[in-house]
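One structure is given here, and the rest of the page talks about it.
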Amino acid sequence: MSSAGSGSIDTAVLERHGLKPDEYDRIKAALGREPNLTELGLFSVMWSEHCSYKSSRIHLKTLPTKGPRVLQGPGENAGAVDIGDGLAAVFKIESHNHPSYIEPYQGAATGVGGILRDIFTMGARPVAVLNSLRFGDLDEEKTRRLLAGVVAGIGGYGNAFGCPTLGGEVVFEPCYAKNPLVNAFCLGIAKKDEIFLGRAEGVGNPVFYVGAKTGRDGIHGATMASAEFGEGSEEKRPTVQVGDPFMEKILLEACLEAMKTGAIIGIQDMGAAGLTCSTSEMGSRAGNGIEINIQKVPKRETGMTAYEVMLSESQERMLLVAEKGREKEVIDVFEKWDLHAEAIGKVTKGKRLKVYDGKTLEADVPNEALTDQAPVYDRPWVESVNPAAAEDLSALIKPSDLGEVLLKLLAAPNVSNKRWIYRQYDSTVRTNTMIGPGSDAGVIRIKGTKKALAMATDCNGRFCWLDPAEGARLAVAEACRNVAAAGAVPIGATNCLNFGNPEKPEIMGQLVAAIRGMAEACVALDVPITGGNVSLYNETDGQAIYPTPVIGVVGLIEDATRAQSSWFKQAGDEVYLLGTTGDDVGGSEYLKAVHRRVAGRPPKLDLKAEKRLIDLMGEAAAAGLLCSAHDASDGGIAVALAECCFVKEEAGLGARLDLPASALRPDRQLFSETPSRMVVSTRDGADLETLAHHHGVPCARLGTVGGDQLTVSSGGDTLFDLPVVKLLEAWTSLERRLSQR
Amino acid sequence: MKIGVVVFPGSNCDHDAYHVSKHVCGADTRFVWHKDADVKGLDAVILPGGFSYGDYLRTGGIARFSPVMKAVGEFAAKGGTVIGICNGFQILQEAGLLPGAMLRNRTTKFLSQPVHVRVERTDTPFTAGLTAGDVLTMPIGHGEGNFYLPDADLDRLEGEGRVVFRYARKDGTLDEASNPNGSARAIAGVCNEGRNVIGLMPHPERASEAALGCADGVKLFQALTRVLQAA
Amino acid sequence: MKARVYVTLKKSVFDPQGKTIHDALASMGYSSVADVRQGKFFEVSLEGVAAAAGKKLVEEIAHKVLANPVIESYTVEVE
């Protein structure tokens with residue numbers, strides 16, 4: 001046992017490792033002795049918030065994770081749901097917020113790389129990516145620089161790897177200026193009975209290292225992701241890893257091919273906390289130990305210590321356990337791809353992680369002490385009460401020209417067309433894309449079946465800031481509604497919980513409330529959470545982001561020909577509004593863009609009504625009743641109707657519509673963001689009405705598609721009457737405005 | 001008739017070209033590994049899109065040195081049909097089998113969007129049976145698709161009738177706005193002197209099925225299989 | 001020995017990246033910047049060759065691999 005560094009562990013060393021004195025006591029108790037510096041390093045990364053979920057774990061347990069379709073829930077590299085035909089959809093969302101602020105291009109690129117690896121580690125070929133991004137005010141030069149870097153990084157990695165980006169979200173709010181959020185979702189397809197897990201089964205089996213060589217990059221990335229930013233964060237650049245999408249691509253092909261040999265027992269990618277995390281987690285899950293020799297680890301730099309090798313976060317690396325005696329089959333596949341599978345150790349009895357440097361034992365730790373027995377905190381929290389939510393919105397000045405308001409909303413960065421961003425992402429590679437970026441959800445067909453999958457990510461941070469529980473419920477509902485708009489039945493979800501510093505009771509209160517709201521909505525809407533990620537400490541100089549529990553929902557379309565997009569298809573089609581509009585301007589885009597306020601109560605979600613709407617949508621789509629469907633959310637029904645007139649970035653058909661007579665003031669009727677509403681067009685109005693009635697969903701015929709004007713009245717009074725081209729011009733104005741800078 | 005789709009490390013449209021050739025057009029199709037030293041038994045070779053070797057030196061700059069490229073060169077010299085799509089086109093340029101080089105798009109950014117291309121020549125195996133002036137819609141997805149040749153060489157290329165596709169408006173007319181990457185003379189695809197080696201930046205394989213919203217691209221694959229079958 | 005290879009776009013070839021950087025510099029107030037050309041830099045380490053032969057070898061590599069003569073030119077420095 002090497003004693004390198006032991007005895008020199010003082011409070012300064014602990015602080016550098018992000019460990020508290022009581023955590024150090026626990027380490028000593030787990031080992032029955034003082035740790036050496038290498039061991040301290042292992043604990044520091046595994047017990048970081050990022051790897052251990054120590055602040056959120058007890059609350060995450062309350063999320064629904066089971067269901068008849070769930071094949072793999074949380075705890076593995078990704079979740080998996082059964083989609084029939086012997087196939088599984090494997091998906092997950094993950095954050096790379098902190099690295100993206102420090103180095104936008106590489107931070108975002110390696111974020112995409114990490115989530116892609118999580119998916120193919122499970123034996124699934126990645127087939128779709130979504131990105132959920134949040135930045136500060138777009139008028140700030142710094143925001144535009146960050147955005148440009150992040151978008152280029154996502155594209156640079158995803159495009160080269162060859163996985164299409166189908167959509168996502170881009171949101172601008174000042175609270176994200178110094179803590180941008182970069183959440184990447186990936187979905188892959190695997191054979192249901194050929195899902196690979198990160199388990200080191202079979203004592204004596206060899207442990208292989210494949211992929212890029214290990215350098216000193218990223219050391220302490222996991223602890224960085226768990227620290228609040230302050231002055232000097234930008235100096236932390238050296239810990240940011242550099243992505244190599246080419247290596248990742250050949251690693252994907254080689255891994256999938258090696259898996260086919262049947263000689264691979266378990267596999268895990270090396271993401272945060274690198275070799276430490278992969279060895280201890282794989283051992284721990286299987287109830288075994290792992291023994292490795294760091295001299296065998298391929299290294300890019302000379303003179304690396306055990307500490308550095310174990311903590312390195314060099315990208316594009318995998319750890320796999322092969323069946324003893326069949327090593328050559330695995331090695332040969334990797335050689336074919338000019339990769340070298342290096343045997344660095346073996347699976348052992350006795351649940352210990354042992355790290356040797358040649359013959360010297362550098363670390364000897366019970367691996368469960370690093371994983372399952374990591375500290376769990378029930379941090380103090382207070383029920384989040386935001387005074388802004390109680391502000392009275394009854395006296396809002398009534399705008400004189402509703403058409404002008406609509407044009408303003410369409411041009412607002414959060415509403416406007418995002419082609420200038422998604423045009424930089426390959427959205428059609430792999431020849432599966434049925435609906436790409438710019439619609440409610442992205443849709444891919446599943447080759448070899450009649451099916452398609454729809455997917456969407458959502459979260460309205462303003463709603464969550466005003467009321468975290470309601471906001472989280474609304475996020476789940478909107479994501480489900482978005483996939484339902486595409487014609488899909490929601491079947492599973494993944495979450496990425498982005499919050500501030502959990503050591504502050506009011507922030508912890510936001511997290512607790514959001515998880516509670518999310519759990520309620522997932523139960524009510526029948527979408528189990530199969531995995532995800534928590535990103536805390538999104539604060540700079542004490543300023544936290546809005547609580548941002550992003551949810552990604554996957555929906556199944558049994559008959560791919562029923563997939564539907566958001567825009568009107570043919571003159572004469574009838575337009576219906578499903579659901580009813582309430583007085584819901586609290587936290588709305590209208591309130592922000594026109595009245596310059598973020599206040600009021602977010603809309604109250606009736607989960608039963610939402611479920612009825614989603615069920616109706618599923619049946620109506622399956623019956624082929626719908627020509628288009630678009631959910632009414634940001635900017636209310638007015639924006640939703642305008643968007644129905646845009647075919648991607650071109651002017652489509654207009655419509656002449658009359659909203660149901662309402663006691664609401666016209667601006668509230670048009671711009672309220674009441675959930676559980678959908679704008680659909682159909683050629684079977686009578687059948688749709690019957691079906692809606694059967695499901696108990698309010699269904700109002702608004703009028704017909706046609707012409708090149710969008711004319712909207714209420715109870716006969718015209719609210720606005722605008723040419724589609726003018727609406728389009730407003731909606732696409734941001735791209736022109738930015739290119740003229 | 002047998003079609004080969006070359007797999008370079010970093011190719012990512014290899015499965016797509018294979019899918020359309022085999023499953024949509026029903027052609028006998030197989031993958032060809034980049035280390036293979038010959039392409040025996042094949043009637044046509046497709047170099048698919050992607051980022052061969054990460055495009056780390058230049059687009060296609062390393063892949064051209066693959067063993068298979070020597071075989072492809074010999075195959076082409078004997079009149080064999082070679083189609084390069086996107087990165088495949090760039091590899092053919094680097095290998096000297098097609099003229100020109102690709103500069104960064106004039107926007108400097110990667111462009112993923114549908115484009116309209118006008119068919120200029122129908123005397124190649126990829127466009128046989130189409131009509132000059134036909135406009136096809138298909139996606140592009142590249143950062144370096146800005147076709148460059150010095151003016152004198154462009155004149156010669158045009159004179160020899162070797163511009164096969166041009167970026168155009170939907171009605172077939174040319175204008176600046178419909179040339180997404182700034183290519184010289186809106187060139188989207190060219191062929192060699194023998195007209196048996198064709199390269200284009202847009203992805204016909206991604207627009208080959210109605211289920212994906214557009215099937216214009218399949219016309220090119222159908223032309224290829226028709227020509228090969230007749231031979 | 002070490003050789004340095006600089007690869008740049010030929011003068012006659014438009015350089016969109018260089019132009020973008022130039023425009024950005026201009027908007028940041030660097031008004032005296034007349035032009036920016038972007039290029040690539042390679043550091044090639046050689047073993048067991050004499051200086052003259054090494055330079056010749058690297059020039060061959062630059063011509064054949066590192067630069068595309070259709071659009072790029074290069075210079076080689078040996079140390």
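Ordering of the structure tokens sets the chain letters (A, B, ...); residue numbers start at 1 within each chain; ligands are numbered from 1 in the order shown.
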
I need the chain B residues near chain C as a list in words; criterion: at most 8 Å, counting only C-alpha atoms.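 Written out as asked, the residues are Leu57, Gly61, Ile62, Glu94, Gly100, Ala101, Leu103, Arg104, Asn105, Arg106, Thr107, Thr108, Tyr148 and Leu149 of chain B.
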
Identify every residue of chain A that has at least one atom within 9 Å of any atom of chain B, counting only C-alpha atoms, and report the result as a VMD selection string. chain A and resid 152 155 to 156 159 to 163 244 to 247 249 to 250 337 422 to 435 444 to 445 560 to 561

Please return as a ChimeraX atom specification: the residues of region 270-429 of chain A that backbone DSSP assigns to alpha helix (DSSP H). /A:274-286,306-311,327-336,367-370,402-411,419-422

With a distance cut-off of 7 Å and only C-alpha atoms, select the neighbouring residues of Met1 (chain C), excluding the residue or stretch itself and same-chain residues fewer than 5 positions from it, and output the selection as a list of chain:residue names.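 Within the cut-off, the hits are C:Ser45, C:Leu46, C:Glu47, C:Glu79.
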
Selection export as a compact mmCIF listing (two decimals), in the first residue's frame, atoms kept: C-alpha atoms:
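Saved result, again33.txt, follows:
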```
# COMPACT_ATOMS: atom_id res chain seq x y z
CA SER C 45 9.18 16.30 -35.26
CA LEU C 46 11.72 14.23 -37.16
CA GLU C 47 14.21 11.66 -36.01
CA GLU C 79 15.06 24.35 -36.87
```

Excluding region 306-308 of chain A and any residue of its chain fewer than 5 positions from it, enumerate the residues within 7 Å of it, using only C-alpha atoms, and give them as a JSON list (two decimals) with N, CA and C atoms, in the first residue's frame.
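Ended up saving to part-v5.json:
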```json
[["chain", "number", "residue", "atom", "x", "y", "z"],
["A", 38, "THR", "N", -4.35, 9.58, -3.15],
["A", 38, "THR", "CA", -5.07, 8.98, -4.28],
["A", 38, "THR", "C", -6.49, 8.58, -3.85],
["A", 41, "GLY", "N", -8.68, 11.42, -3.45],
["A", 41, "GLY", "CA", -9.14, 11.86, -4.78],
["A", 41, "GLY", "C", -10.34, 11.06, -5.25],
["A", 216, "ARG", "N", -4.07, 14.59, -18.77],
["A", 216, "ARG", "CA", -4.38, 15.24, -17.49],
["A", 216, "ARG", "C", -5.63, 16.13, -17.61],
["A", 219, "ILE", "N", -9.18, 16.88, -14.97],
["A", 219, "ILE", "CA", -9.03, 16.41, -13.59],
["A", 219, "ILE", "C", -9.82, 17.35, -12.68],
["A", 294, "ILE", "N", -2.58, 0.81, -13.28],
["A", 294, "ILE", "CA", -2.59, 2.04, -14.09],
["A", 294, "ILE", "C", -1.42, 2.10, -15.07],
["A", 357, "ASP", "N", -0.05, 0.62, -9.21],
["A", 357, "ASP", "CA", 0.87, 1.24, -10.16],
["A", 357, "ASP", "C", 2.02, 0.25, -10.24],
["A", 362, "GLU", "N", -1.83, 1.42, -4.88],
["A", 362, "GLU", "CA", -1.99, 2.87, -4.68],
["A", 362, "GLU", "C", -3.31, 3.23, -4.01]]
```
